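Below: one structure, written as structure tokens.
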Amino acid sequence: MKSFTLSVAAAAVSLFTLTACSTSQTKEVTGHKSVPDFWPEIQSPINDQQEVEKKVTALLAQMTIEQKVAQIIQPEIRDVTVEDMRRYGFGSYLNGGGSFPGANKHATPKEWIALAEAMYQASVDDSLDGSNIPTMWGTDAVHGHNNVIGATLFPHNIGLGAMRDPALVEKIATATAREVRATGIDWIFAPTVAVVRDDRWGRTYESYSEDPAIVGDYARAIVTGLQGDISDGNIDDQHVISTVKHFVGDGGTNKGDDQGDNLASEKELFDIHAQGYVHGLNAGSQSVMASFNSWHGEKIHGSKYLLTDVLKDKMGFDGFVVGDWNGHGQIPGCSNDNCPQALLAGLDVYMAPTPTWKPLFENLVAQVQSGEIPMARLDDAVSRVLRVKIRVGLFDLPSPANRSLSGDTSVIGAKAHRDIAREAVRKSLVMLKNNQQILPLKPAARVLVAGDAAHNIGQQSGGWTITWQGTGNQNSDFPGATSIYSGIEQTVRAAGGSVELSENGQYTTQPDVAIVVFGETPYAEGNGDIANVEYQRGAKQDLALLKSLKAQGIPVVSVFITGRPLWITPELNASDAFVVAWLPGSEGGGVADVLFSKADGTVNYPMHGKLSFSWPADPYQNPVNKGDGKQPLFPYGYGLAYGDTTSVGMLDETVNSQLNSAGDVLLFQQSVQQPWSLVATSNGSQKSMNSNTLSVNTLNIRTADRLVQEDTLQIDFGNAGDSIRFFSPFPEDLLDFGSAGSALAFDFQQQSPSDISVTMECGEGCKAKLKLNDFITGNADWQKVVIPMSCLVEQGLNLREIYVPLAMTSGAPTTFRISDIRLTHTDAELTCPAH
Ligand code: BGC
Ligand code: BGC
């Protein structure tokens, strides 16, 4: 899946960069909220800081406003040039997921270093900006240096959580730091310390556990591994700056919505979601990334309480807070190019990955000049950036190309690192079922390897792998890596057995056993959110494969590739043994190490992993977490070992749709609802609504009052072809609305006869269209319009991937009012208009 950009003929505006519509007013925060004592003071591991502080003060004293503002803006390599760096002297820059030097996916380590060197030299060149402060480069090395071809890819965090092995996690971090340093990069946007509570979230695999205790332990280990011993205040050139992210509550949003709202109490926010910060900052992490999510409706990027009062003032964090990808633009009243609010709230570095960094820079300079932003706040932000630069040795180290690990290409994907990764793969496997102790298998056997994930290194590595979403990769993009199949092949052949690889399970020789490797295909933020946790909802091809093998009398071992616990009860029933491999990364060989015994049948490597997440008993059983009183299928901590004689009987496959509390999907209710934005198009121009009026050429929208304030949109289509659409940059899973009785419903009042078409869209060239007139009566009263989803689905609409749940396009000028727009379920008998 790709993020899908709507474009119209004349203006191909990327809507991804538009902020969501919000017609609600910004709440005035009045009064001072005192910070509860449970937020602790950080126990900094750094001993003496006096020299550093002297240096910071001296540097700051010489800087102009422009030079200071440049330190707090972080552009992205696709939208910033070396010449921009020379001209502005940015404090830092980044490459996003799937962003490479020269836009070349196959850029070599030398090319990565060349860019680092050029950016650095431009930053210390003071000919244009008068500044010679070295810049630093930040990257998402979230499971190894995952944007670089040939790097070691470690299991994603969810797999590491199953190991319960902080010491190994520290080694992984050390190895990652070395590979990153070998490409001239100083800073990593990891670890993610989200404590994920609702596995419908597409970033669940970036989380070690639903249990804050594991996340806390690991945060300490990872930060220590990434930064090294920081007690003397120095990060050496074998290590990198780490970032604990995303502060705070990203794993606890309502329904697991990406960038959603966390409704935890403050105590829960601390006890559950903040533990990674407590431990990561006690280990000395020098930066914190602000989260896209909100807490009780307030975007964290704009939360002075959390960023300043809690994190800095109460906890005493003295590093810097970096924003997330234009996250500042989502604060009410802000846009990507203008947002003093974020700095005022306590953000120190704006992640400004689009060309909007330029007006953002200009606006910030003007806002400091006018006094809207106090100089003291700017100075504080800049001091934090400089402090970290001093600690990481930027003023003392040679340039990126000349540092100790730079250019040593043997560091990238080094054997020693791959060995660590393979050990992690072995330790992360969790065995859910092993009837008749079929595992471990004797290697001298005839083995059939089936399933589309068996020989697919991209799939076994998941999102954030070379590309942002992890899609579009070939095995050849992973030099030095092994697929799960190759590991099996090597093991079995070495023992004198035979292996046949066949995705669809067809074989030439009747096998002794089939190992079927299947599971989720890669996704990352946004794209990975699902409405419920049923595996292969509506299309159970893998179940069919398992059943057909079993029907032929072949014992079946399932190896499940997944970024989260999913409801796989039917697949479990169709397997003799079932092992969850999570997203193991580049060292697929670790799976065979454990699945196969030594030649004499004794255990080669133990089956070690234990669930760090509760496993759901039902597609709709979410959230489900340790200690919440629910009965998961397999509890937190479950995992069979070799030698256990537990047999898992046939499990009940009945789905309890009563548990489906997903409810209605709201599009507009007093304001446009997340994740949608409202986009208006007229005569080739389009705009996204983010206040209570919007005009585009002949199209005018304003909010109006009906039952309560601003609960209605008044839409004036001045011309044929004018349209409005509710749009999500990521596909939304609306399969729940595929059943009889599901409908798109809204209240509607027409002020003049209308000729409006209603469409729903599921990506490029995928849409269904109806005439609104078929569903309304011709009078001017308010009426409830109920459009059966079946009328759209019968046109081939793919409900699994909806980008536009409602678009309305005029056939002639008209004015109407609309309110309470939702997808809903009714008991009524719904029929489609005859054609
Ligand atoms: C993600 C962060 C990431 C950043 C830079 C954001 O969208 O939420 O985790 O570090 O992009 O790629
Ligand atoms: C970019 C990625 C980036 C991500 C962060 C995407 O639009 O292509 O590079 O990491 O946004 O959200």
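By convention in this document, the chains of the structure tokens carry letters A, B, ... by their order, each chain's residues are numbered from 1, and ligands are numbered from 1 in the order they are shown.
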
(message) How would you report the residues lying within 6 Å of ligand 2, as an MDAnalysis selection string, if you count only C-alpha atoms and all ligand atoms?
(response) chainID A and resid 96:99 325 468

(message) Around ligand 1, out to 10 Å and counting only C-alpha atoms and all ligand atoms, which residues are there? I want them as a PyMOL selection string.
(response) chain A and resi 76+94-99+138-142+188-192+203+206+243-246+250+258-259+289-293+322-327+351+353+464+468+524-526

Residues near Ala283 of chain A, cut-off 7 Å, only C-alpha atoms, skip fewer than 3 positions along chain, as a PDB file with C-alpha atoms, in the first residue's frame:
ATOM      1  CA  PRO A  45      24.419  10.031  34.431  1.00  0.00           C
ATOM      2  CA  ARG A 220      17.821   2.054  29.427  1.00  0.00           C
ATOM      3  CA  VAL A 223      20.113   4.315  25.055  1.00  0.00           C
ATOM      4  CA  THR A 224      23.240   2.987  26.744  1.00  0.00           C
ATOM      5  CA  HIS A 279      14.555   5.100  32.146  1.00  0.00           C
ATOM      6  CA  GLY A 280      15.824   6.383  28.810  1.00  0.00           C
TER       7      GLY A 280
END

Can I get the residues of segment 425-539 of chain A within 9 Å of segment 559-581 of chain A, each with the closest pair of atoms and their distance in Å to one decimal, using only C-alpha atoms, sorted chain first then ascending number, as JSON lines?
{"residue": "A:Val425", "atom": "CA", "partner": "A:Ala581", "partner_atom": "CA", "distance": 7.7}
{"residue": "A:Arg426", "atom": "CA", "partner": "A:Ala581", "partner_atom": "CA", "distance": 8.8}
{"residue": "A:Ser428", "atom": "CA", "partner": "A:Ala581", "partner_atom": "CA", "distance": 6.9}
{"residue": "A:Leu429", "atom": "CA", "partner": "A:Ala581", "partner_atom": "CA", "distance": 5.0}
{"residue": "A:Val430", "atom": "CA", "partner": "A:Val580", "partner_atom": "CA", "distance": 5.1}
{"residue": "A:Met431", "atom": "CA", "partner": "A:Val579", "partner_atom": "CA", "distance": 4.3}
{"residue": "A:Leu432", "atom": "CA", "partner": "A:Phe578", "partner_atom": "CA", "distance": 5.5}
{"residue": "A:Lys433", "atom": "CA", "partner": "A:Ala577", "partner_atom": "CA", "distance": 4.9}
{"residue": "A:Asn434", "atom": "CA", "partner": "A:Ala577", "partner_atom": "CA", "distance": 4.3}
{"residue": "A:Asn435", "atom": "CA", "partner": "A:Asp576", "partner_atom": "CA", "distance": 5.6}
{"residue": "A:Gln436", "atom": "CA", "partner": "A:Asp576", "partner_atom": "CA", "distance": 8.0}
{"residue": "A:Gln437", "atom": "CA", "partner": "A:Ala577", "partner_atom": "CA", "distance": 8.1}
{"residue": "A:Ile438", "atom": "CA", "partner": "A:Ala577", "partner_atom": "CA", "distance": 6.9}
{"residue": "A:Leu439", "atom": "CA", "partner": "A:Ala577", "partner_atom": "CA", "distance": 7.2}
{"residue": "A:Ala453", "atom": "CA", "partner": "A:Ile561", "partner_atom": "CA", "distance": 7.4}
{"residue": "A:Ala454", "atom": "CA", "partner": "A:Val559", "partner_atom": "CA", "distance": 8.8}
{"residue": "A:Gln459", "atom": "CA", "partner": "A:Ile561", "partner_atom": "CA", "distance": 7.9}
{"residue": "A:Gln460", "atom": "CA", "partner": "A:Ile561", "partner_atom": "CA", "distance": 6.3}
{"residue": "A:Ser461", "atom": "CA", "partner": "A:Ile561", "partner_atom": "CA", "distance": 9.0}
{"residue": "A:Gly462", "atom": "CA", "partner": "A:Gly563", "partner_atom": "CA", "distance": 7.5}
{"residue": "A:Ile515", "atom": "CA", "partner": "A:Val559", "partner_atom": "CA", "distance": 7.0}
{"residue": "A:Val516", "atom": "CA", "partner": "A:Val559", "partner_atom": "CA", "distance": 6.0}
{"residue": "A:Val517", "atom": "CA", "partner": "A:Val559", "partner_atom": "CA", "distance": 4.7}
{"residue": "A:Phe518", "atom": "CA", "partner": "A:Phe560", "partner_atom": "CA", "distance": 5.4}
{"residue": "A:Gly519", "atom": "CA", "partner": "A:Ile561", "partner_atom": "CA", "distance": 4.5}
{"residue": "A:Glu520", "atom": "CA", "partner": "A:Thr562", "partner_atom": "CA", "distance": 5.2}
{"residue": "A:Thr521", "atom": "CA", "partner": "A:Thr562", "partner_atom": "CA", "distance": 8.0}
{"residue": "A:Pro522", "atom": "CA", "partner": "A:Gly563", "partner_atom": "CA", "distance": 8.6}
{"residue": "A:Asn532", "atom": "CA", "partner": "A:Leu566", "partner_atom": "CA", "distance": 8.7}
{"residue": "A:Val533", "atom": "CA", "partner": "A:Leu566", "partner_atom": "CA", "distance": 4.9}
{"residue": "A:Glu534", "atom": "CA", "partner": "A:Trp567", "partner_atom": "CA", "distance": 4.7}
{"residue": "A:Tyr535", "atom": "CA", "partner": "A:Trp567", "partner_atom": "CA", "distance": 5.7}
{"residue": "A:Gln536", "atom": "CA", "partner": "A:Ile568", "partner_atom": "CA", "distance": 8.9}

Selected residues, N, CA, C and O atoms, written as a short mmCIF file (atom, residue, chain, number, x, y, z; two decimals), in the first residue's frame, please.
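Result saved to out.cif:
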data_model
loop_
_atom_site.label_atom_id
_atom_site.label_comp_id
_atom_site.auth_asym_id
_atom_site.auth_seq_id
_atom_site.Cartn_x
_atom_site.Cartn_y
_atom_site.Cartn_z
N VAL A 425 17.02 -13.16 16.54
CA VAL A 425 15.93 -13.87 15.83
C VAL A 425 15.61 -15.16 16.59
O VAL A 425 14.45 -15.47 16.88
N ARG A 426 16.66 -15.91 16.94
CA ARG A 426 16.43 -17.18 17.66
C ARG A 426 15.67 -16.95 18.96
O ARG A 426 14.76 -17.68 19.29
N SER A 428 13.76 -14.51 19.82
CA SER A 428 12.47 -13.80 19.77
C SER A 428 11.31 -14.71 19.37
O SER A 428 10.15 -14.33 19.50
N LEU A 429 11.62 -15.91 18.86
CA LEU A 429 10.53 -16.79 18.40
C LEU A 429 9.66 -17.21 19.58
O LEU A 429 10.16 -17.57 20.63
N VAL A 430 8.36 -17.15 19.35
CA VAL A 430 7.41 -17.58 20.39
C VAL A 430 6.58 -18.73 19.83
O VAL A 430 5.93 -18.59 18.80
N MET A 431 6.62 -19.87 20.52
CA MET A 431 5.88 -21.05 20.07
C MET A 431 4.52 -21.08 20.76
O MET A 431 4.43 -21.15 21.98
N LEU A 432 3.46 -21.00 19.94
CA LEU A 432 2.11 -20.99 20.50
C LEU A 432 1.55 -22.41 20.63
O LEU A 432 0.69 -22.68 21.46
N LYS A 433 2.03 -23.29 19.77
CA LYS A 433 1.45 -24.64 19.73
C LYS A 433 2.54 -25.60 19.27
O LYS A 433 3.32 -25.27 18.38
N ASN A 434 2.57 -26.80 19.87
CA ASN A 434 3.55 -27.81 19.44
C ASN A 434 3.01 -29.19 19.79
O ASN A 434 3.56 -29.90 20.62
N ASN A 435 1.90 -29.53 19.14
CA ASN A 435 1.24 -30.80 19.49
C ASN A 435 2.11 -31.99 19.09
O ASN A 435 2.83 -31.95 18.08
N GLN A 436 2.05 -33.03 19.88
CA GLN A 436 2.91 -34.22 19.71
C GLN A 436 4.38 -33.85 19.65
O GLN A 436 5.19 -34.58 19.09
N GLN A 437 4.70 -32.69 20.17
CA GLN A 437 6.10 -32.21 20.15
C GLN A 437 6.74 -32.44 18.78
O GLN A 437 7.84 -32.96 18.67
N ILE A 438 6.04 -32.00 17.78
CA ILE A 438 6.54 -32.15 16.40
C ILE A 438 7.83 -31.34 16.19
O ILE A 438 8.69 -31.71 15.41
N LEU A 439 7.95 -30.24 16.95
CA LEU A 439 9.19 -29.45 16.91
C LEU A 439 10.05 -29.82 18.10
O LEU A 439 9.50 -30.11 19.18
N ALA A 453 5.70 -15.82 2.39
CA ALA A 453 6.72 -15.09 3.15
C ALA A 453 8.00 -15.92 3.32
O ALA A 453 8.95 -15.47 3.95
N ALA A 454 8.01 -17.14 2.76
CA ALA A 454 9.13 -18.05 3.03
C ALA A 454 10.44 -17.53 2.46
O ALA A 454 11.50 -17.64 3.09
N GLN A 459 9.42 -8.93 3.16
CA GLN A 459 8.26 -9.22 4.00
C GLN A 459 8.68 -9.58 5.42
O GLN A 459 8.05 -9.13 6.39
N GLN A 460 9.74 -10.34 5.56
CA GLN A 460 10.14 -10.73 6.91
C GLN A 460 10.76 -9.54 7.67
O GLN A 460 10.98 -9.62 8.87
N SER A 461 11.04 -8.44 6.96
CA SER A 461 11.65 -7.29 7.62
C SER A 461 10.64 -6.20 7.98
O SER A 461 10.92 -5.33 8.80
N GLY A 462 9.47 -6.21 7.34
CA GLY A 462 8.42 -5.26 7.72
C GLY A 462 8.67 -3.84 7.24
O GLY A 462 9.48 -3.59 6.34
N ILE A 515 6.66 -26.69 6.20
CA ILE A 515 6.82 -25.47 6.99
C ILE A 515 6.19 -24.36 6.16
O ILE A 515 6.64 -24.09 5.05
N VAL A 516 5.15 -23.76 6.68
CA VAL A 516 4.45 -22.72 5.92
C VAL A 516 4.74 -21.37 6.57
O VAL A 516 4.45 -21.17 7.75
N VAL A 517 5.35 -20.49 5.80
CA VAL A 517 5.73 -19.18 6.33
C VAL A 517 4.82 -18.13 5.69
O VAL A 517 4.82 -17.95 4.48
N PHE A 518 4.02 -17.51 6.52
CA PHE A 518 3.03 -16.56 5.99
C PHE A 518 2.78 -15.47 7.01
O PHE A 518 3.17 -15.59 8.17
N GLY A 519 2.09 -14.42 6.57
CA GLY A 519 1.74 -13.38 7.54
C GLY A 519 1.54 -12.02 6.91
O GLY A 519 1.27 -11.90 5.71
N GLU A 520 1.68 -11.01 7.73
CA GLU A 520 1.42 -9.65 7.28
C GLU A 520 2.45 -9.20 6.24
O GLU A 520 3.61 -9.59 6.31
N THR A 521 1.99 -8.37 5.33
CA THR A 521 2.92 -7.75 4.40
C THR A 521 3.28 -6.37 4.97
O THR A 521 2.57 -5.83 5.81
N PRO A 522 4.42 -5.81 4.53
CA PRO A 522 4.94 -4.61 5.21
C PRO A 522 4.03 -3.38 5.18
O PRO A 522 3.31 -3.15 4.22
N ASN A 532 -9.99 -4.14 13.00
CA ASN A 532 -9.97 -5.20 14.01
C ASN A 532 -8.80 -6.12 13.69
O ASN A 532 -8.17 -5.99 12.63
N VAL A 533 -8.49 -7.05 14.58
CA VAL A 533 -7.23 -7.77 14.44
C VAL A 533 -7.38 -9.15 13.79
O VAL A 533 -6.55 -10.03 13.99
N GLU A 534 -8.41 -9.33 12.98
CA GLU A 534 -8.54 -10.61 12.29
C GLU A 534 -7.53 -10.71 11.15
O GLU A 534 -7.43 -9.80 10.32
N TYR A 535 -6.81 -11.81 11.10
CA TYR A 535 -5.84 -12.03 10.02
C TYR A 535 -6.56 -12.42 8.74
O TYR A 535 -7.46 -13.26 8.76
N GLN A 536 -6.19 -11.79 7.65
CA GLN A 536 -6.78 -12.05 6.32
C GLN A 536 -8.31 -12.05 6.36
O GLN A 536 -8.96 -13.00 5.90
#

Report as CSV: every residue of segment 284-370 of chain A with an atom at most 10 Å from segment 261-278 of chain A, its closest pair of atoms, and their distance in Å to one decimal, counting only C-alpha atoms, with rows sorted by chain and ascending residue number.
residue,atom,partner,partner_atom,distance
A:Ser285,CA,A:Tyr277,CA,8.7
A:Val288,CA,A:Tyr277,CA,8.3
A:Phe292,CA,A:Asp261,CA,9.3
A:Asn293,CA,A:Asp261,CA,5.7
A:Ser294,CA,A:Asp261,CA,4.6
A:Trp295,CA,A:Asn262,CA,4.7
A:His296,CA,A:Leu263,CA,5.2
A:Gly297,CA,A:Asp261,CA,6.0
A:Glu298,CA,A:Asp261,CA,8.1
A:Lys299,CA,A:Asp261,CA,8.3
A:Ile300,CA,A:Asp261,CA,9.9
A:Leu311,CA,A:Tyr277,CA,9.2
A:Met315,CA,A:Val278,CA,8.5

(request) Please run DSSP on the backbone and report, as a count of residues only, all residues within segment 82-214 of chain A that come out as helix (DSSP H, G or I). (result) 55

(message) Which residues are near Ser34 of chain A? Cut-off 10 Å, only C-alpha atoms, ignore same chain within fewer than 4 positions. Put them as JSON, numbers by chain.
(response) {"A": [305, 309, 310, 314]}

Store the residues picked out above, limited to N, CA and C atoms, as a PDB file, in the first residue's frame.
ATOM      1  N   TYR A 305       2.380  22.217  28.979  1.00  0.00           N
ATOM      2  CA  TYR A 305       2.380  21.475  30.234  1.00  0.00           C
ATOM      3  C   TYR A 305       3.317  20.264  30.139  1.00  0.00           C
ATOM      4  N   ASP A 309       6.558  22.096  31.425  1.00  0.00           N
ATOM      5  CA  ASP A 309       6.354  21.969  32.877  1.00  0.00           C
ATOM      6  C   ASP A 309       6.789  20.590  33.373  1.00  0.00           C
ATOM      7  N   VAL A 310       6.373  19.549  32.639  1.00  0.00           N
ATOM      8  CA  VAL A 310       6.702  18.197  33.106  1.00  0.00           C
ATOM      9  C   VAL A 310       8.131  17.812  32.717  1.00  0.00           C
ATOM     10  N   LYS A 314      10.015  19.879  35.622  1.00  0.00           N
ATOM     11  CA  LYS A 314       9.909  18.929  36.738  1.00  0.00           C
ATOM     12  C   LYS A 314      10.947  17.813  36.616  1.00  0.00           C
TER      13      LYS A 314
END

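Across A:Met789, A:Val69, A:Cys334, A:Met607, the tightest approach to Phe90 of chain A is made by A:Val69 when counting only C-alpha atoms.
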
(request) Have a look at A:Gln71, A:Ser612, A:Gly497, A:Ala345 and name the one nearest to Val215 of chain A; count only C-alpha atoms. (result) A:Ser612

(message) Could you tell me how far atom CA of Met808 of chain A sits from atom CA of Arg702 of chain A, in Å to one decimal place?
(response) 15.8 Å

(message) Env of Gln227 of chain A: 8 Å cut, atoms = only C-alpha atoms, seq-sep filter 5 positions within chain, self excluded. Answer as a ChimeraX atom specification.
(response) /A:177,235-236,239-242,285

Which residues, written as an mmCIF file with N, CA, C and O atoms, in the first residue's frame, have at least one atom at most 9 Å from segment 706-712 of chain A, with only C-alpha atoms counted and residues fewer than 4 positions away on the same chain left out?
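Below is the file that was written, part.cif:
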data_model
loop_
_atom_site.group_PDB
_atom_site.id
_atom_site.type_symbol
_atom_site.label_atom_id
_atom_site.label_comp_id
_atom_site.auth_asym_id
_atom_site.auth_seq_id
_atom_site.Cartn_x
_atom_site.Cartn_y
_atom_site.Cartn_z
ATOM 1 N N THR A 23 -12.748 22.920 12.890
ATOM 2 C CA THR A 23 -13.577 24.116 12.981
ATOM 3 C C THR A 23 -13.807 24.482 14.436
ATOM 4 O O THR A 23 -14.483 25.436 14.746
ATOM 5 N N SER A 24 -13.247 23.665 15.335
ATOM 6 C CA SER A 24 -13.455 23.996 16.740
ATOM 7 C C SER A 24 -12.464 25.074 17.160
ATOM 8 O O SER A 24 -11.432 25.262 16.559
ATOM 9 N N PHE A 668 -18.075 14.065 9.933
ATOM 10 C CA PHE A 668 -18.259 15.438 10.406
ATOM 11 C C PHE A 668 -19.261 15.430 11.541
ATOM 12 O O PHE A 668 -20.387 14.969 11.385
ATOM 13 N N GLN A 669 -18.812 15.901 12.675
ATOM 14 C CA GLN A 669 -19.734 16.102 13.782
ATOM 15 C C GLN A 669 -19.222 17.305 14.560
ATOM 16 O O GLN A 669 -18.228 17.203 15.271
ATOM 17 N N GLN A 670 -19.791 18.418 14.303
ATOM 18 C CA GLN A 670 -19.352 19.726 14.809
ATOM 19 C C GLN A 670 -18.011 20.164 14.246
ATOM 20 O O GLN A 670 -17.730 21.338 14.148
ATOM 21 N N SER A 671 -17.181 19.203 13.909
ATOM 22 C CA SER A 671 -15.961 19.550 13.183
ATOM 23 C C SER A 671 -15.622 18.330 12.342
ATOM 24 O O SER A 671 -16.189 17.257 12.547
ATOM 25 N N ASN A 692 -13.389 28.092 10.150
ATOM 26 C CA ASN A 692 -14.808 27.864 9.889
ATOM 27 C C ASN A 692 -15.340 28.443 8.579
ATOM 28 O O ASN A 692 -16.540 28.424 8.340
ATOM 29 N N ARG A 702 -19.056 27.446 4.803
ATOM 30 C CA ARG A 702 -18.932 28.020 6.131
ATOM 31 C C ARG A 702 -19.700 27.152 7.124
ATOM 32 O O ARG A 702 -20.586 26.387 6.747
ATOM 33 N N ARG A 817 -27.119 22.451 3.067
ATOM 34 C CA ARG A 817 -26.511 22.302 4.384
ATOM 35 C C ARG A 817 -26.430 20.822 4.720
ATOM 36 O O ARG A 817 -27.323 20.050 4.349
ATOM 37 N N ILE A 818 -25.410 20.465 5.428
ATOM 38 C CA ILE A 818 -25.206 19.054 5.758
ATOM 39 C C ILE A 818 -24.628 18.973 7.165
ATOM 40 O O ILE A 818 -23.839 19.839 7.570
ATOM 41 N N SER A 819 -25.078 17.972 7.924
ATOM 42 C CA SER A 819 -24.474 17.810 9.245
ATOM 43 C C SER A 819 -24.541 16.352 9.676
ATOM 44 O O SER A 819 -25.203 15.531 9.033
ATOM 45 N N ASP A 820 -23.800 16.036 10.736
ATOM 46 C CA ASP A 820 -23.735 14.677 11.281
ATOM 47 C C ASP A 820 -23.513 13.624 10.189
ATOM 48 O O ASP A 820 -24.387 12.823 9.896
#
